[in-house]
Protein chains: 2
Amino acid sequence: MATNRRDQLTEIVQAAKRAGFALGSASGPDRRMVLLAMADALERGDLRAAILQANAADRADAEVAHARGEIGLASLQRLTLDERKLAGLGDGLRRLAALPDPIGRVLIDRELDDDLILRKVTCPLGVVTAIFEARPDAVPQIVGLAVRSGNAAILKGGREAARTNAVILDALRRALIDQGFDGNAVSLVSEREDVDILCEMDRDIDLVIARGSSSFVAHVRARSKIPVLAHAEGVCHLVLHGPVDPAMATRIAVDGKCGYPAACNAIETLLWVGGSEAALDACVVALRASGVELRACAATRARHPDTVAATDSDFGHEFGALVLAVRRVDSLTEALAHIAAHGSRHTEAIVTDDASAAAEFMAGVDAACVFHNASTRFADGYRFGLGAEVGISTGKLHARGPVGADGLVTSRWLLRGAGHVAGDYGPSKRRFRHRDRG
Amino acid sequence: MATNRRDQLTEIVQAAKRAGFALGSASGPDRRMVLLAMADALERGDLRAAILQANAADRADAEVAHARGEIGLASLQRLTLDERKLAGLGDGLRRLAALPDPIGRVLIDRELDDDLILRKVTCPLGVVTAIFEARPDAVPQIVGLAVRSGNAAILKGGREAARTNAVILDALRRALIDQGFDGNAVSLVSEREDVDILCEMDRDIDLVIARGSSSFVAHVRARSKIPVLAHAEGVCHLVLHGPVDPAMATRIAVDGKCGYPAACNAIETLLWVGGSEAALDACVVALRASGVELRACAATRARHPDTVAATDSDFGHEFGALVLAVRRVDSLTEALAHIAAHGSRHTEAIVTDDASAAAEFMAGVDAACVFHNASTRFADGYRFGLGAEVGISTGKLHARGPVGADGLVTSRWLLRGAGHVAGDYGPSKRRFRHRDRG
């Protein structure tokens with residue numbers, strides 16, 4: 001049975017590879033037309049009804065599971081589609097269509113010698129596998145980014161959204177076929193065991209995008225022979241420094257914690273450097289008013305006895321809820337050391353009016369995103385202007401931070417000569433010109 | 001004892017991290033001065049004498065090992081330094097100093113809204129570990145690329161070159177210190193067991209560059225928690241297509257096979273499409289005259305009975321010696337399928353006068369380097385104009401093909417606002433401007 005499934009998946013992956021090659025070889029305008037056709041499809045009335053019907057069925061089951069305590073409220077909300085979210089999906093695909101083509105870009109155009117021209121050109125990765133939580137709006141986003149970048153995509157969505165995902169994927173696939181492409185370029189698998197099998201196919205799958213709980217991401221990373229793009233956790237800090245405007249600090253702290261507490265770009269710890277007491281006090285009042293439980297160090301509790309005493313394990317912890325650790329630090333240097341020790345290299349922010357402190361923070365934090373006087377919640381592919389994101393990477397290689405279509409391309413070195421051989425070059429022989437062209 | 005070594009390595013890595021941060025924070029001109037000081041050091045007479053003396057001692061031991069059959073002639077040659085190779089090392093560092101600074105480059109400069117400015121800026125990876133064969137000229141190349149890109153480097157060279165490596169590294173380190181930097185930014189470890197320990201330090205080491213035999217690279221890949229940049233093998237093909245000039249085909253085939261048979265960019269298989277018989281015949285004569293053993297398919301042997309019969313395992317095999325597999329294919333499509341099945345995604349080349357066949361080949365091969373009418377031996381960082389290379393990557397993520405200083409950088413997203421929060425944006429609220437500047 002397992003072998004059987006392995007054979008089925010091998011067929012799916014091989015078909016995806018062939019179909020992806022055709023998609024990647026198509027012109028940018030042709031791939032753009034596919035995105036527009038997909039947006040049109042999602043906006044057709046009959047399809048919207050079918051999607052909402054499937055979603056209602058998924059949701060009914062999920063509500064039973066929720067009542068049994070098997071899934072949380074946040075998961076239930078992520079699963080749910082409504083007319084407004086649906087409208088956003090078509091918009092998202094149109095935005096992607098409007099972005100510049102990420103493939104075929106000439107990164108280097110270099111004359112090595114007469115008639116010996118080297119070009120480094122972007123191209124699709126090939127086949128990408130995306131594993132994501134029960135969140136059906138991820139389907140058109142990931143498929144859209146894959147089509148934009150000329151890749152085949154194999155999607156494994158959360159089982160709770162299986163019916164919704166299937167209806168959406170079927171519509172996207174039909175749009176692809178209507179535009180003259182092989183529908184196998186996008187496909188959906190639904191069994192958890194499929195993930196382990198796919199993660200072994202390092203000859204044919206080029207990238208695994210893993211989203212979900214940090215334990216799930218760790219499982220995929222440990223298992224996968226294929227490079228994995230993911231963030232294991234989002235432990236983001238907000239630092240208050242100097243006599244900064246309390247109103248600004250408060251807005252940024254409340255947005256960072258309360259806007260969407262389950263998001264990976266929400267803040268988990270507030271660090272305040274001595275001297276920022278006015279901003280701290282305002283933040284404490286506003287956060288408590290928003291229902292946030294504050295777990296504070298002794299120095300903070302001396303000012304705010306109505307907070308909970310923090311334990312060591314509260315620092316560096318991703319609460320994913322209306323809970324925030326708060327700690328006083330003596331200096332910006334100590335704040336940077338705290339972040340280096342406890343941060344997850346996702347997004348870190350400082351609120352300060354001191355330009356040199358801001359510069360030191362921006363230079364000194366080793367994270368995908370480093371912000372000054374702005375909420376950590378901006379760390380997002382759509383907000384960054386990438387059109388959408390397949391996920392956020394906390395790794396330093398390839399793509400870092402929110403990953404859009406540019407993160408799904410690689411490059412090749414193309415050399416065109418006229419019979420040139422390497423043995424003709426060297427000391428007291430021909431010399432390379434290495435001249436970059438226009 | 002093992003724990004002890006782990007503690008020592010932890011100290012080395014932590015010191016490298018701090019020193020690397022200072023190096024990465026330095027200006028481009030300051031890092032350039034370090035490279036020039038390193039070049040000066042390697043060109044000083046007393047140091048050259050010391051290097052050659054150490055190399056003579058390494059070589060004496062290696063000759064004993066060679067006589068016992070423990071190491072091959074190619075390894076002995078790689079180990080040996082002479083005045084000419086030494087002069088090349090200083091030149092290489094000066095070339096690197098002349099290249100544009102790879103860090104601090106603004107890749108994206110985008111106005112998200114009034115006073116909300118997003119920049120994607122290149123920055124060093126942090127700490128890179130390079131594990132390489134007994135080849136002392138790799139020491140200044142890797143150190144030079146690390147300094148150019150603001151990274152700390154921990155080197156593990158082949159034990160046979162230990163004395164030579166130590167003298168060279170000491171000189172480079174002193175040049176770094178003379179320029180006001182912390183010498184811990186470059187260090188050398190020499191025990192094989194160190195590799196396994198370093199490969200676990202994924203919190204502090206950002207990249208492992210692995211060079212050496214394919215079994216060694218596979219060992220490092222399997223063991224490492226840190227991303228590994230490497231090529232496991234170099235199985236490069238040369239395709240002859242159509243009635244191409246036999247003299248050109250011969251030059252490219254002989255250069256590809258005989259220039260340096262142990263190189264990863266040497267050809268291992270010659271594929272000839274029906275119609276290229278004249279070129280094939282000329283290649284066979286010239287290759288045999290150069291001492292190449294040809295292992296041929298039945299169709300090839302029908303024309304050239306004086307070749308050896310190939311077995312299936314000869315195709316896709318990296319001989320690394322004066323041996324070449326030869327196979328007739330019916331079409332360019334069949335050649336592409338053969339390469340897809342047997343190639344190692346390193347470098348593939350076609351010799352043809354047919355522009356549309358060349359275009360089909362360039363578009364259809366999934367490899368780091370794809371060449372038309374040029375020798376596969378050009379696939380090299382120096383020849384590509386990268387100044388040097390830390391290695392060649394056959395992976396598709398991050399860096400692909402010859403990896404120079406650009407492959408040792410990552411990027412960060414820096415956002416500067418004036419109190420902006422994400423909750424202010426959305427349908428019927430503020431809209432992002434997403435305007436790229438300059």
# chains A, B, ... in the order shown; residues from 1 in each chain; ligands from 1
>>> closest_atom_pairs(of="chain B", to="chain A", cutoff="8 Å", atoms="only C-alpha atoms", output="Markdown table")
| residue | atom | partner | partner_atom | distance |
| --- | --- | --- | --- | --- |
| B:Ser25 | CA | A:Ala363 | CA | 7.7 |
| B:Leu112 | CA | A:Phe384 | CA | 7.2 |
| B:Leu118 | CA | A:Phe384 | CA | 7.5 |
| B:Leu125 | CA | A:Lys396 | CA | 6.8 |
| B:Asp206 | CA | A:Lys396 | CA | 7.4 |
| B:Pro227 | CA | A:Leu397 | CA | 7.8 |
| B:Met248 | CA | A:Gly419 | CA | 5.3 |
| B:Ala249 | CA | A:Gly419 | CA | 7.5 |
| B:Arg251 | CA | A:Val421 | CA | 6.9 |
| B:Ile252 | CA | A:Val421 | CA | 5.8 |
| B:Asp255 | CA | A:Val421 | CA | 6.1 |
| B:Gly256 | CA | A:Val421 | CA | 7.9 |
| B:Gly259 | CA | A:Gly423 | CA | 6.5 |
| B:Met362 | CA | A:Leu414 | CA | 7.2 |
| B:Ala363 | CA | A:Ser25 | CA | 7.7 |
| B:Ala367 | CA | A:Arg412 | CA | 7.0 |
| B:Ala368 | CA | A:Arg412 | CA | 5.1 |
| B:Cys369 | CA | A:Trp413 | CA | 4.6 |
| B:Val370 | CA | A:Leu414 | CA | 5.1 |
| B:Phe371 | CA | A:Leu415 | CA | 4.7 |
| B:His372 | CA | A:Arg416 | CA | 4.8 |
| B:Asn373 | CA | A:Gly419 | CA | 4.9 |
| B:Ala374 | CA | A:His420 | CA | 4.9 |
| B:Ser375 | CA | A:Val421 | CA | 5.0 |
| B:Arg377 | CA | A:Ala422 | CA | 5.8 |
| B:Phe378 | CA | A:Ala422 | CA | 5.7 |
| B:Arg383 | CA | A:Phe432 | CA | 7.2 |
| B:Phe384 | CA | A:Leu112 | CA | 7.2 |
| B:Gly385 | CA | A:His434 | CA | 5.6 |
| B:Lys396 | CA | A:Thr410 | CA | 5.9 |
| B:Leu397 | CA | A:His398 | CA | 5.5 |
| B:His398 | CA | A:His398 | CA | 3.7 |
| B:Ala399 | CA | A:His398 | CA | 7.4 |
| B:Arg400 | CA | A:Ser411 | CA | 6.9 |
| B:Gly401 | CA | A:Trp413 | CA | 7.3 |
| B:Thr410 | CA | A:Lys396 | CA | 5.9 |
| B:Ser411 | CA | A:Arg400 | CA | 6.9 |
| B:Arg412 | CA | A:Ala368 | CA | 5.0 |
| B:Trp413 | CA | A:Cys369 | CA | 4.6 |
| B:Leu414 | CA | A:Val370 | CA | 5.1 |
| B:Leu415 | CA | A:Phe371 | CA | 4.7 |
| B:Arg416 | CA | A:His372 | CA | 4.8 |
| B:Gly417 | CA | A:Asn373 | CA | 5.0 |
| B:Ala418 | CA | A:Asn373 | CA | 5.3 |
| B:Gly419 | CA | A:Asn373 | CA | 4.9 |
| B:His420 | CA | A:Ala374 | CA | 4.9 |
| B:Val421 | CA | A:Ser375 | CA | 5.0 |
| B:Ala422 | CA | A:Phe378 | CA | 5.7 |
| B:Gly423 | CA | A:Asp255 | CA | 6.4 |
| B:Phe432 | CA | A:Arg383 | CA | 7.3 |
| B:His434 | CA | A:Gly385 | CA | 5.6 |
>>> select_by_dssp(residues="region 163-308 of chain B", states="strand (DSSP E)", output="PDB file with C-alpha atoms, in the first residue's frame")
ATOM      1  CA  VAL B 186      40.138  33.501  10.050  1.00  0.00           C
ATOM      2  CA  SER B 187      41.228  30.262  11.582  1.00  0.00           C
ATOM      3  CA  LEU B 188      42.360  26.822  10.646  1.00  0.00           C
ATOM      4  CA  VAL B 189      41.438  23.489  12.153  1.00  0.00           C
ATOM      5  CA  LEU B 207      27.321  27.891   5.691  1.00  0.00           C
ATOM      6  CA  VAL B 208      29.507  24.866   5.129  1.00  0.00           C
ATOM      7  CA  ILE B 209      31.434  24.689   1.888  1.00  0.00           C
ATOM      8  CA  ALA B 210      32.483  21.125   1.212  1.00  0.00           C
ATOM      9  CA  VAL B 228      26.040  22.755   2.633  1.00  0.00           C
ATOM     10  CA  LEU B 229      27.259  24.260  -0.598  1.00  0.00           C
ATOM     11  CA  ALA B 230      28.991  21.663  -2.748  1.00  0.00           C
ATOM     12  CA  CYS B 236      29.742  16.694 -17.657  1.00  0.00           C
ATOM     13  CA  HIS B 237      28.649  15.804 -21.193  1.00  0.00           C
ATOM     14  CA  LEU B 238      29.736  17.107 -24.554  1.00  0.00           C
ATOM     15  CA  VAL B 239      27.188  16.758 -27.363  1.00  0.00           C
ATOM     16  CA  LEU B 240      28.164  16.804 -31.039  1.00  0.00           C
ATOM     17  CA  ILE B 267      33.916  15.864 -19.661  1.00  0.00           C
ATOM     18  CA  GLU B 268      33.061  12.272 -18.830  1.00  0.00           C
ATOM     19  CA  THR B 269      30.756  11.374 -21.731  1.00  0.00           C
ATOM     20  CA  LEU B 270      30.670  12.334 -25.392  1.00  0.00           C
ATOM     21  CA  LEU B 271      27.244  12.082 -27.013  1.00  0.00           C
ATOM     22  CA  TRP B 272      27.002  12.321 -30.780  1.00  0.00           C
ATOM     23  CA  VAL B 273      23.805  12.836 -32.674  1.00  0.00           C
ATOM     24  CA  GLU B 293      40.603   5.349 -23.330  1.00  0.00           C
ATOM     25  CA  LEU B 294      37.253   5.461 -25.151  1.00  0.00           C
ATOM     26  CA  ARG B 295      34.405   3.303 -23.863  1.00  0.00           C
ATOM     27  CA  ALA B 296      31.857   3.266 -26.616  1.00  0.00           C
ATOM     28  CA  VAL B 308      36.440  -0.510 -25.674  1.00  0.00           C
TER      29      VAL B 308
END
